[in-house]
Structure formats: C-alpha cells, structure tokens
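Q: Pasting entry_34.tsv below, which is TSV, C-alpha atoms.
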chain	number	residue	atom	x	y	z
A	696	MET	CA	-63.60	-3.80	38.36
A	697	ALA	CA	-62.47	-6.43	40.84
A	698	ASP	CA	-61.46	-9.83	39.54
A	699	PRO	CA	-64.52	-12.16	39.53
A	700	LEU	CA	-62.25	-15.19	39.59
A	701	HIS	CA	-60.76	-14.29	42.97
A	702	GLN	CA	-63.52	-16.23	44.78
A	703	PHE	CA	-62.17	-19.55	43.48
A	704	GLU	CA	-58.76	-19.21	45.13
A	705	ILE	CA	-57.71	-21.90	47.58
A	706	HIS	CA	-56.21	-20.72	50.88
A	707	PRO	CA	-54.53	-23.17	53.26
A	708	ILE	CA	-56.03	-22.89	56.75
A	709	MET	CA	-53.64	-25.32	58.37
A	710	PRO	CA	-50.47	-25.88	56.32
A	711	LEU	CA	-49.26	-29.48	56.39
A	712	GLN	CA	-46.55	-31.26	54.40
A	713	ILE	CA	-46.10	-35.04	54.26
A	714	GLY	CA	-42.92	-36.12	52.45
A	715	GLY	CA	-42.81	-33.05	50.22
A	716	VAL	CA	-46.49	-33.35	49.24
A	717	ASP	CA	-48.72	-30.43	50.22
A	718	VAL	CA	-51.68	-31.88	52.12
A	719	SER	CA	-52.72	-28.74	53.99
A	720	PHE	CA	-56.24	-28.35	55.29
A	721	THR	CA	-57.60	-25.68	52.94
A	722	ASN	CA	-60.86	-23.75	52.69
A	723	SER	CA	-61.95	-26.37	50.13
A	724	SER	CA	-61.33	-29.20	52.65
A	725	LEU	CA	-63.16	-27.18	55.30
A	726	PHE	CA	-66.28	-26.97	53.16
A	727	MET	CA	-66.07	-30.64	52.24
A	728	ALA	CA	-65.93	-31.50	55.95
A	729	LEU	CA	-68.83	-29.09	56.57
A	730	SER	CA	-70.93	-30.74	53.87
A	731	VAL	CA	-70.38	-34.20	55.40
A	732	LEU	CA	-71.25	-32.74	58.81
A	733	ALA	CA	-74.39	-31.07	57.43
A	734	THR	CA	-75.53	-34.29	55.72
A	735	THR	CA	-74.90	-36.32	58.91
A	736	VAL	CA	-76.77	-33.82	61.11
A	737	PHE	CA	-79.65	-33.77	58.60
A	738	LEU	CA	-79.99	-37.55	58.42
A	739	VAL	CA	-79.27	-38.50	62.04
A	740	GLY	CA	-81.19	-35.58	63.54
A	741	GLY	CA	-84.24	-36.29	61.43
A	742	MET	CA	-84.40	-39.94	62.42
A	743	MET	CA	-83.88	-39.43	66.18
A	744	ASN	CA	-87.15	-40.24	67.99
A	745	ALA	CA	-88.56	-41.50	64.69
A	746	LYS	CA	-92.34	-41.79	64.73
A	747	GLN	CA	-94.72	-43.88	62.67
A	748	ILE	CA	-96.26	-40.68	61.30
A	749	PRO	CA	-93.24	-38.53	60.39
A	750	GLY	CA	-92.84	-34.97	61.58
A	751	ARG	CA	-91.30	-32.35	59.27
A	752	TRP	CA	-87.61	-33.21	59.63
A	753	GLN	CA	-88.18	-36.95	59.52
A	754	GLY	CA	-90.44	-36.38	56.52
A	755	LEU	CA	-87.60	-34.60	54.70
A	756	VAL	CA	-85.12	-37.40	55.44
A	757	GLU	CA	-87.63	-39.99	54.24
A	758	MET	CA	-88.32	-37.94	51.08
A	759	SER	CA	-84.62	-37.76	50.21
A	760	TYR	CA	-84.31	-41.53	50.77
A	761	GLU	CA	-87.35	-42.24	48.60
A	762	PHE	CA	-86.06	-39.92	45.89
A	763	ILE	CA	-82.78	-41.82	45.44
A	764	ALA	CA	-84.34	-45.25	46.03
A	765	GLY	CA	-86.98	-44.43	43.39
A	766	MET	CA	-84.32	-43.21	40.96
A	767	LEU	CA	-82.32	-46.42	41.41
A	768	HIS	CA	-85.42	-48.59	41.04
A	769	ASP	CA	-86.52	-46.80	37.85
A	770	ASN	CA	-83.10	-46.88	36.23
A	771	VAL	CA	-81.44	-50.06	37.47
A	772	GLY	CA	-84.29	-52.22	38.78
A	773	THR	CA	-84.12	-54.47	41.83
A	774	LYS	CA	-80.38	-55.13	41.39
A	775	GLY	CA	-79.81	-51.44	42.09
A	776	ARG	CA	-80.60	-51.83	45.78
A	777	GLN	CA	-77.05	-52.75	46.73
A	778	TYR	CA	-75.67	-49.57	45.15
A	779	PHE	CA	-77.92	-47.27	47.17
A	780	PRO	CA	-75.23	-46.05	49.63
A	781	LEU	CA	-72.92	-45.15	46.72
A	782	ILE	CA	-75.51	-43.18	44.77
A	783	PHE	CA	-76.92	-41.51	47.88
A	784	SER	CA	-73.45	-40.40	48.99
A	785	ILE	CA	-72.64	-39.01	45.54
A	786	PHE	CA	-75.95	-37.10	45.45
A	787	MET	CA	-75.58	-35.67	48.96
A	788	PHE	CA	-71.93	-34.69	48.47
A	789	VAL	CA	-72.60	-32.83	45.21
A	790	LEU	CA	-75.87	-31.30	46.51
A	791	MET	CA	-74.32	-30.03	49.74
A	792	GLY	CA	-71.27	-28.76	47.86
A	793	ASN	CA	-73.40	-26.78	45.44
A	794	LEU	CA	-75.81	-25.46	48.09
A	795	LEU	CA	-73.16	-24.48	50.65
A	796	GLY	CA	-71.56	-22.42	47.88
A	797	MET	CA	-74.70	-20.29	47.66
A	798	ILE	CA	-74.05	-18.91	51.16
A	799	PRO	CA	-72.35	-15.50	50.86
A	800	TYR	CA	-68.59	-15.52	51.56
A	801	SER	CA	-68.44	-19.32	51.38
A	802	PHE	CA	-66.50	-21.55	48.99
A	803	THR	CA	-67.94	-23.90	46.38
A	804	TYR	CA	-65.68	-26.93	46.24
A	805	THR	CA	-67.54	-28.30	43.20
A	806	SER	CA	-66.38	-25.28	41.19
A	807	HIS	CA	-62.91	-26.79	40.90
A	808	ILE	CA	-62.32	-29.12	37.95
A	809	ILE	CA	-60.04	-31.36	40.03
A	810	VAL	CA	-62.84	-32.09	42.52
A	811	THR	CA	-65.50	-32.76	39.86
A	812	PHE	CA	-63.03	-34.72	37.74
A	813	GLY	CA	-62.11	-36.80	40.79
A	814	LEU	CA	-65.78	-37.57	41.42
A	815	ALA	CA	-66.45	-38.32	37.72
A	816	ILE	CA	-63.41	-40.58	37.31
A	817	PHE	CA	-64.43	-42.39	40.52
A	818	VAL	CA	-67.96	-42.98	39.16
A	819	PHE	CA	-66.60	-44.07	35.76
A	820	LEU	CA	-64.04	-46.52	37.19
A	821	THR	CA	-66.56	-47.89	39.70
A	822	MET	CA	-69.19	-48.55	37.03
A	823	THR	CA	-66.61	-50.13	34.69
A	824	LEU	CA	-65.33	-52.37	37.50
A	825	ILE	CA	-68.88	-53.36	38.49
A	826	GLY	CA	-69.56	-54.28	34.86
A	827	ILE	CA	-66.37	-56.31	34.50
A	828	ILE	CA	-66.89	-58.11	37.82
A	829	ARG	CA	-70.49	-58.98	36.95
A	830	HIS	CA	-70.06	-59.95	33.32
A	831	GLY	CA	-66.35	-60.65	32.88
A	832	LEU	CA	-64.91	-59.79	29.49
A	833	HIS	CA	-68.44	-60.07	28.03
A	834	TYR	CA	-68.85	-56.50	29.38
A	835	PHE	CA	-67.09	-55.18	26.27
A	836	THR	CA	-70.07	-56.22	24.12
A	837	LEU	CA	-71.46	-52.91	25.47
A	838	PHE	CA	-69.65	-51.29	22.53
A	839	VAL	CA	-71.55	-53.35	19.96
A	840	PRO	CA	-75.11	-51.98	19.69
A	841	LYS	CA	-77.81	-54.56	19.03
A	842	GLY	CA	-78.87	-55.03	15.45
A	843	ALA	CA	-75.85	-53.30	13.91
A	844	PRO	CA	-74.81	-54.86	10.55
A	845	VAL	CA	-71.43	-56.62	10.86
A	846	PHE	CA	-69.69	-54.62	8.11
A	847	MET	CA	-70.45	-51.35	9.98
A	848	LEU	CA	-68.75	-52.55	13.18
A	849	PRO	CA	-65.23	-51.21	12.39
A	850	ILE	CA	-66.80	-47.74	12.24
A	851	ILE	CA	-69.34	-48.08	15.05
A	852	VAL	CA	-67.14	-49.69	17.73
A	853	PRO	CA	-64.45	-46.92	17.84
A	854	ILE	CA	-67.21	-44.30	17.99
A	855	GLU	CA	-68.90	-46.18	20.84
A	856	VAL	CA	-65.59	-46.54	22.70
A	857	LEU	CA	-64.88	-42.82	22.32
A	858	SER	CA	-68.33	-41.87	23.58
A	859	TYR	CA	-67.89	-44.25	26.55
A	860	LEU	CA	-64.51	-42.68	27.37
A	861	SER	CA	-65.97	-39.18	27.11
A	862	ARG	CA	-68.45	-39.93	29.94
A	863	PRO	CA	-66.23	-38.89	32.88
A	864	VAL	CA	-65.09	-35.80	30.98
A	865	SER	CA	-68.63	-34.63	30.26
A	866	LEU	CA	-69.80	-35.41	33.82
A	867	ALA	CA	-66.91	-33.44	35.28
A	868	VAL	CA	-67.05	-30.44	32.94
A	869	ARG	CA	-70.84	-30.11	33.19
A	870	LEU	CA	-70.80	-29.75	36.98
A	871	PHE	CA	-67.63	-27.62	37.03
A	872	ALA	CA	-68.78	-25.25	34.27
A	873	ASN	CA	-72.23	-24.78	35.81
A	874	MET	CA	-70.80	-23.92	39.21
A	875	MET	CA	-67.91	-21.76	38.01
A	876	ALA	CA	-69.88	-19.86	35.38
A	877	GLY	CA	-72.81	-19.30	37.75
A	878	HIS	CA	-70.68	-17.89	40.52
A	879	THR	CA	-68.60	-15.80	38.10
A	880	MET	CA	-71.80	-14.30	36.64
A	881	LEU	CA	-72.99	-13.39	40.14
A	882	LYS	CA	-69.69	-11.65	40.84
A	883	VAL	CA	-69.71	-9.83	37.48
A	884	PHE	CA	-73.19	-8.40	38.11
A	885	ALA	CA	-72.19	-7.49	41.64
A	886	GLY	CA	-69.27	-5.57	40.14
A	887	PHE	CA	-71.66	-3.69	37.87
A	888	THR	CA	-73.90	-2.85	40.85
A	889	VAL	CA	-71.02	-1.18	42.66
A	890	ALA	CA	-69.74	0.57	39.53
A	891	LEU	CA	-73.10	2.13	38.57
A	892	GLY	CA	-73.84	3.82	41.89
A	893	VAL	CA	-77.53	4.86	42.06
A	894	PHE	CA	-78.50	3.06	38.83
A	895	GLY	CA	-76.99	-0.07	40.40
A	896	VAL	CA	-80.52	-1.24	41.30
A	897	ALA	CA	-80.86	-2.76	37.83
A	898	PRO	CA	-77.89	-5.16	38.09
A	899	LEU	CA	-78.91	-5.75	41.71
A	900	ALA	CA	-82.37	-6.94	40.62
A	901	VAL	CA	-80.74	-9.17	38.00
A	902	ASN	CA	-78.44	-10.52	40.72
A	903	VAL	CA	-81.41	-11.41	42.94
A	904	ALA	CA	-83.03	-13.31	40.06
A	905	LEU	CA	-79.68	-14.94	39.20
A	906	THR	CA	-79.21	-16.09	42.81
A	907	ALA	CA	-82.60	-17.81	42.73
A	908	PHE	CA	-81.66	-19.37	39.39
A	909	GLU	CA	-78.32	-20.52	40.81
A	910	VAL	CA	-80.01	-22.28	43.73
A	911	MET	CA	-82.18	-24.13	41.19
A	912	VAL	CA	-79.10	-24.96	39.10
A	913	ALA	CA	-77.29	-26.23	42.24
A	914	ILE	CA	-80.06	-28.74	42.98
A	915	LEU	CA	-80.56	-29.61	39.31
A	916	GLN	CA	-76.86	-30.31	38.67
A	917	ALA	CA	-76.72	-32.61	41.70
A	918	TYR	CA	-79.78	-34.44	40.31
A	919	VAL	CA	-78.24	-34.66	36.80
A	920	PHE	CA	-74.89	-35.98	38.13
A	921	THR	CA	-76.74	-38.63	40.14
A	922	ILE	CA	-79.15	-39.71	37.42
A	923	LEU	CA	-76.32	-40.02	34.89
A	924	SER	CA	-74.45	-42.20	37.41
A	925	CYS	CA	-77.60	-44.35	37.67
A	926	ILE	CA	-77.81	-44.61	33.87
A	927	TYR	CA	-74.15	-45.70	33.67
A	928	LEU	CA	-74.87	-48.19	36.47
A	929	HIS	CA	-77.75	-49.55	34.37
A	930	ASP	CA	-75.32	-50.04	31.47
A	931	ALA	CA	-72.89	-51.82	33.78
A	932	VAL	CA	-75.45	-54.10	35.42
A	933	HIS	CA	-77.68	-54.92	32.45
A	934	LEU	CA	-75.47	-54.57	29.34
A	935	HIS	CA	-77.74	-52.72	26.89
B	65	MET	CA	-54.08	-5.32	18.02
B	66	ASP	CA	-53.56	-5.07	21.79
B	67	MET	CA	-54.33	-7.91	24.17
B	68	GLU	CA	-57.35	-6.31	25.84
B	69	ALA	CA	-59.12	-5.69	22.51
B	70	ALA	CA	-58.33	-9.21	21.29
B	71	ARG	CA	-59.73	-10.58	24.59
B	72	MET	CA	-62.99	-8.71	24.15
B	73	ILE	CA	-63.40	-9.89	20.55
B	74	GLY	CA	-62.60	-13.48	21.56
B	75	ALA	CA	-65.17	-13.44	24.36
B	76	GLY	CA	-67.78	-11.99	22.03
B	77	LEU	CA	-67.14	-14.67	19.43
B	78	ALA	CA	-67.27	-17.43	22.05
B	79	VAL	CA	-70.87	-16.64	23.00
B	80	PHE	CA	-72.08	-17.27	19.42
B	81	ALA	CA	-72.59	-20.90	20.46
B	82	LEU	CA	-75.41	-19.86	22.79
B	83	SER	CA	-77.76	-19.37	19.81
B	84	GLY	CA	-77.73	-23.13	19.18
B	85	VAL	CA	-78.34	-23.80	22.84
B	86	GLY	CA	-81.31	-21.41	22.92
B	87	LEU	CA	-82.83	-23.28	19.98
B	88	GLY	CA	-82.21	-26.61	21.70
B	89	ILE	CA	-83.79	-25.62	25.01
B	90	GLY	CA	-86.79	-24.10	23.20
B	91	ASN	CA	-87.17	-27.37	21.31
B	92	ILE	CA	-87.13	-29.46	24.49
B	93	PHE	CA	-89.74	-27.39	26.27
B	94	SER	CA	-91.94	-27.08	23.18
B	95	SER	CA	-92.11	-30.86	22.86
B	96	LEU	CA	-92.59	-31.16	26.64
B	97	ILE	CA	-95.58	-28.81	26.49
B	98	SER	CA	-97.13	-30.52	23.45
B	99	SER	CA	-96.75	-33.97	24.97
B	100	ILE	CA	-98.33	-32.84	28.25
B	101	ALA	CA	-101.09	-31.10	26.29
B	102	ARG	CA	-101.84	-34.29	24.38
B	103	ASN	CA	-101.82	-36.51	27.46
B	104	PRO	CA	-102.03	-34.58	30.75
B	105	SER	CA	-101.71	-37.75	32.83
B	106	SER	CA	-98.19	-38.39	31.49
B	107	ARG	CA	-96.92	-35.25	33.26
B	108	ASP	CA	-95.17	-37.03	36.15
B	109	GLN	CA	-93.24	-39.30	33.81
B	110	VAL	CA	-92.36	-36.78	31.12
B	111	PHE	CA	-91.42	-33.80	33.31
B	112	PRO	CA	-88.25	-35.30	34.91
B	113	MET	CA	-87.00	-36.24	31.44
B	114	GLY	CA	-87.66	-32.70	30.27
B	115	ILE	CA	-85.66	-31.31	33.16
B	116	LEU	CA	-82.81	-33.77	32.50
B	117	GLY	CA	-82.77	-32.71	28.83
B	118	PHE	CA	-82.73	-29.04	29.84
B	119	ALA	CA	-79.81	-29.58	32.21
B	120	LEU	CA	-77.78	-31.47	29.61
B	121	THR	CA	-78.36	-28.77	26.98
B	122	GLU	CA	-77.62	-26.01	29.53
B	123	ALA	CA	-74.28	-27.73	30.13
B	124	VAL	CA	-73.30	-26.95	26.52
B	125	ALA	CA	-74.24	-23.31	27.08
B	126	LEU	CA	-72.04	-23.25	30.13
B	127	PHE	CA	-69.11	-24.78	28.25
B	128	ALA	CA	-69.31	-21.81	25.85
B	129	LEU	CA	-69.74	-19.29	28.68
B	130	LEU	CA	-66.80	-20.86	30.50
B	131	ILE	CA	-64.56	-20.40	27.44
B	132	ALA	CA	-65.74	-16.79	27.14
B	133	PHE	CA	-64.90	-16.04	30.78
B	134	LEU	CA	-61.56	-17.81	30.53
B	135	ILE	CA	-60.65	-15.74	27.47
B	136	LEU	CA	-61.80	-12.52	29.12
B	137	PHE	CA	-60.23	-12.92	32.53
B	138	LYS	CA	-57.10	-15.04	32.07
Translate the structure described by the file into structure tokens.
A:
Amino acid sequence: MADPLHQFEIHPIMPLQIGGVDVSFTNSSLFMALSVLATTVFLVGGMMNAKQIPGRWQGLVEMSYEFIAGMLHDNVGTKGRQYFPLIFSIFMFVLMGNLLGMIPYSFTYTSHIIVTFGLAIFVFLTMTLIGIIRHGLHYFTLFVPKGAPVFMLPIIVPIEVLSYLSRPVSLAVRLFANMMAGHTMLKVFAGFTVALGVFGVAPLAVNVALTAFEVMVAILQAYVFTILSCIYLHDAVHLH
Amino acid sequence: MDMEAARMIGAGLAVFALSGVGLGIGNIFSSLISSIARNPSSRDQVFPMGILGFALTEAVALFALLIAFLILFK
C-alpha cells in the first residue's frame, strides 16, 4: 500500500536562498498565492458593474460580506466594525486553503501545523495586543472571573491563565488535525480501492461520501476558526 | 514484539477515545433537536451554535485519529 502521508510533502518549485535561509517558492507557497488570487478574482469580479439588484456573482460577494459582518456584529458589537478586514482575511485565507485542497492532485497548505500555528499565534498575539492597547494593564483582570470568592483566586487564576495560553494551540491543532486526518483518510480508502480490484467499489463509494464530508468539514473548519477569533476579539474588546 | 505489530496495537488503542466523542456529538444533536422541537422559531439562533459545538467536539476526535495515523505511519 502506498504511503498516505506522501501527499503532504513540500517540493520547492523555485529554489531560493537568502543568507543561508531557505526561502524557496514551494508548492505550499504556490497554493497560498493561488488562494489570494482566487479570493481577489471572486471579490473584484463580483463587484465589477455592480447593480442595485445584485446578479448571481455580486450576490455571492455580498453574502460573504454579510456573513462576516453579521458574525462580528453578533459577537463583538459595534466596536467590531474596525476589525472586519482582519476577520474577513482570516476567513477567506483558511476557507480557500481548505477548499483548494479538495481539488485532486492539489496541495492543502492548512494541513501543515506550521501554517496553522502561524495563523493561530498571529490571532492570539493580535487579540492580546488589542486588549492591552484598549485597556492597559487592566486587561489582565480577564483572568479573574466575576463573582469568584477571593480565597479561590490562587487556584482559579493559574487555571484561567493556562486555558488562555492553550487557545492558539487548540486553534492550530483543530484546523491541522481536521485537514491532515481528512486527507489521509481519503488516501487510505483510495489505497483500499486499488488493492481490492473488482470489490473496490465499496471503498470507492465510501470515498465519494468522504469527499462530500470533507468539503463540508473544509467550510466548517474555516467558520469555526473565524468564529473563535471573533470570540477572542470579544474578550479583548469587552473584558468579560 | 516487532515494530509493525506494536504499531498496529498502538493505533487500535488510540481510537478508543472516539467512543467519548461519539457520545458527545450525540448529546449535542439530541439537545439541538429537543430545543428546536420545543421552540421551532429558535432554529436560526440555535443551529449555528449546534454546528459550532459539533465542530469543536469533532476536533477532539481528530486529535485521536491524528495520533493513530502518526503511530501507524511514522
């Protein structure tokens, strides 16, 4: 049986070294560039010749705008408006990454822990900085839940700090594990299909169902990453 | 015991965690269905939370599956 983990290998397309650091343009970078290109074409193309009554493409662009704007409004309130470009970019980057990976023979850049960890650490540091800039050192009262009796604080505060620090880790691992496990499962069932010969229709049918499930998971994981970022933004903007 | 056999046993043990996840997801959707049954007009507010809960619980399942695959193929 072929190795199902082979699909996650990174191949440099244009090798490049700057001062001993490998910064080659790889298949991962290619797909990241493609996802930015796809998002730009989607947004700009839909809004060219924009009409008062939207056609199909413009309707889709407006729906995606409303979706994120609604999410920000529900979770952060009116102060969330200024963070719209950040949250929209995060959503589109993760969504396009996941969806482009569903194309056969393509590469899912979100299936690498370094990419998802980079995104998660970026979200975490951004939200912490926003909180500290808005509230100063008062931001650290986030670790003291309202109504907790004072004698319990030496137990509660370290637990709260630990759960706050685990946020980027859980964000990163959730997206990475979903993408890697999903794609590995698809490859494993594909291996069974080839190995069984005629009876390979059974794993093939499972693979068809799994592909549909993976498309749903791709969209869902982008939504979950974004809504958790909005929830952390809520914590940063309105402590508690 | 040779490596291949130990790998198989390890992967099998790792997927034990999925039983808890199955219970959790069943719990989420059972309460989603009862709350929509009690108050059908709350559907648009409750459904996104149900999906968020499902995705978060599924993440735990995938942590376990990830460990199983790592044991099996590395």
Q: Provide as a list in words the residues of chain A at most 9 Å from chain B, counting all atoms listed in the file.
A: Asp698, Pro699, Leu700, Ser865, Val868, Arg869, Leu870, Ala872, Asn873, Met875, Ala876, Gly877, Thr879, Val912, Leu915, Gln916, Tyr918, Val919 and Ile922 of chain A
Q: Find the distance between atom CA of Arg776 of chain A and atom CA of Ser924 of chain A and write it in Å to one decimal.
A: 14.2 Å
Q: Any idea what's packed within 12 Å of Val818 of chain A, counting only C-alpha atoms, ignoring anything in its chain fewer than 5 positions away? Could you give it as a list in words?
A: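 After dropping sequence-adjacent residues, the list is Tyr778, Leu781, Ile782, Ser784, Ile785, Phe786, Thr811, Phe812, Gly813, Thr823, Leu824, Ile825, Arg862, Pro863, Val864, Leu866, Ala867, Phe920, Thr921, Ile922, Leu923, Ser924, Cys925, Ile926, Tyr927, Leu928 and Ala931 of chain A.
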Q: Write to file, as a compact mmCIF listing (two decimals), in the frame of the given file, the residues of the selection just made, with C-alpha atoms.
A:
# COMPACT_ATOMS: atom_id res chain seq x y z
CA TYR A 778 -75.67 -49.57 45.15
CA LEU A 781 -72.92 -45.15 46.72
CA ILE A 782 -75.51 -43.18 44.77
CA SER A 784 -73.45 -40.40 48.99
CA ILE A 785 -72.64 -39.01 45.54
CA PHE A 786 -75.95 -37.10 45.45
CA THR A 811 -65.50 -32.76 39.86
CA PHE A 812 -63.03 -34.72 37.74
CA GLY A 813 -62.11 -36.80 40.79
CA THR A 823 -66.61 -50.13 34.69
CA LEU A 824 -65.33 -52.37 37.50
CA ILE A 825 -68.88 -53.36 38.49
CA ARG A 862 -68.45 -39.93 29.94
CA PRO A 863 -66.23 -38.89 32.88
CA VAL A 864 -65.09 -35.80 30.98
CA LEU A 866 -69.80 -35.41 33.82
CA ALA A 867 -66.91 -33.44 35.28
CA PHE A 920 -74.89 -35.98 38.13
CA THR A 921 -76.74 -38.63 40.14
CA ILE A 922 -79.15 -39.71 37.42
CA LEU A 923 -76.32 -40.02 34.89
CA SER A 924 -74.45 -42.20 37.41
CA CYS A 925 -77.60 -44.35 37.67
CA ILE A 926 -77.81 -44.61 33.87
CA TYR A 927 -74.15 -45.70 33.67
CA LEU A 928 -74.87 -48.19 36.47
CA ALA A 931 -72.89 -51.82 33.78
Q: Skip Thr836 of chain A itself and residues of its chain fewer than 2 positions away, then list as number ranges by chain all residues within 12 Å of it, counting all atoms listed in the file.
A: A: 826-827, 830-834, 838-841, 848, 852, 855-856, 930-931, 933-935
Q: I'd like the interatomic distance between atom CA of Ile809 of chain A and atom CA of Ala733 of chain A, to a tenth of an Å.
A: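 Going from atom CA of Ile809 of chain A over to atom CA of Ala733 of chain A covers 22.6 Å.
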Q: Would you list the contacts of Met742 of chain A as number ranges by chain, taking every protein, DNA or RNA residue within 12 Å and counting all atoms listed in the file, but skipping same-chain residues closer than 2 positions in sequence?
A: A: 735-740, 744-757, 760
Q: Would you be able to write out as a list in words which residues have an atom within 6 Å of (-64.7, -23.3, 53.8) in the file's coordinates, counting all atoms listed in the file?
A: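 So the residues meeting the distance criterion are Asn722, Ser723, Leu725, Phe726, Ser801 and Phe802 of chain A.
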Q: Extract, using only C-alpha atoms, all DNA, RNA and protein residues at most 12 Å from Ala69 of chain B, discarding same-chain residues fewer than 5 positions from it, and format them as a PyMOL selection string.
A: chain B and resi 74-76+135-136
Q: I need the residues from that last selection saved to file as a PDB file, keeping the file's coordinate frame (with C-alpha atoms), if you can.
A:
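selection_16.pdb, written as the output of this step:
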ATOM      1  CA  GLY B  74     -62.600 -13.480  21.560  1.00  0.00           C
ATOM      2  CA  ALA B  75     -65.170 -13.440  24.360  1.00  0.00           C
ATOM      3  CA  GLY B  76     -67.780 -11.990  22.030  1.00  0.00           C
ATOM      4  CA  ILE B 135     -60.650 -15.740  27.470  1.00  0.00           C
ATOM      5  CA  LEU B 136     -61.800 -12.520  29.120  1.00  0.00           C
TER       6      LEU B 136
END
Q: Point out the residue among A:Phe783, A:Met743, A:Phe846, A:Tyr800 with the least atom-to-atom distance to Phe762 of chain A, counting only C-alpha atoms.
A: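 Looking only at the distances to Phe762 of chain A, the closest residue turns out to be A:Phe783.
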Q: Find the distance between atom CA of Ile705 of chain A and atom CA of Met880 of chain A and write it in Å to one decimal.
A: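 Computing it gives 19.4 Å between the two atoms.
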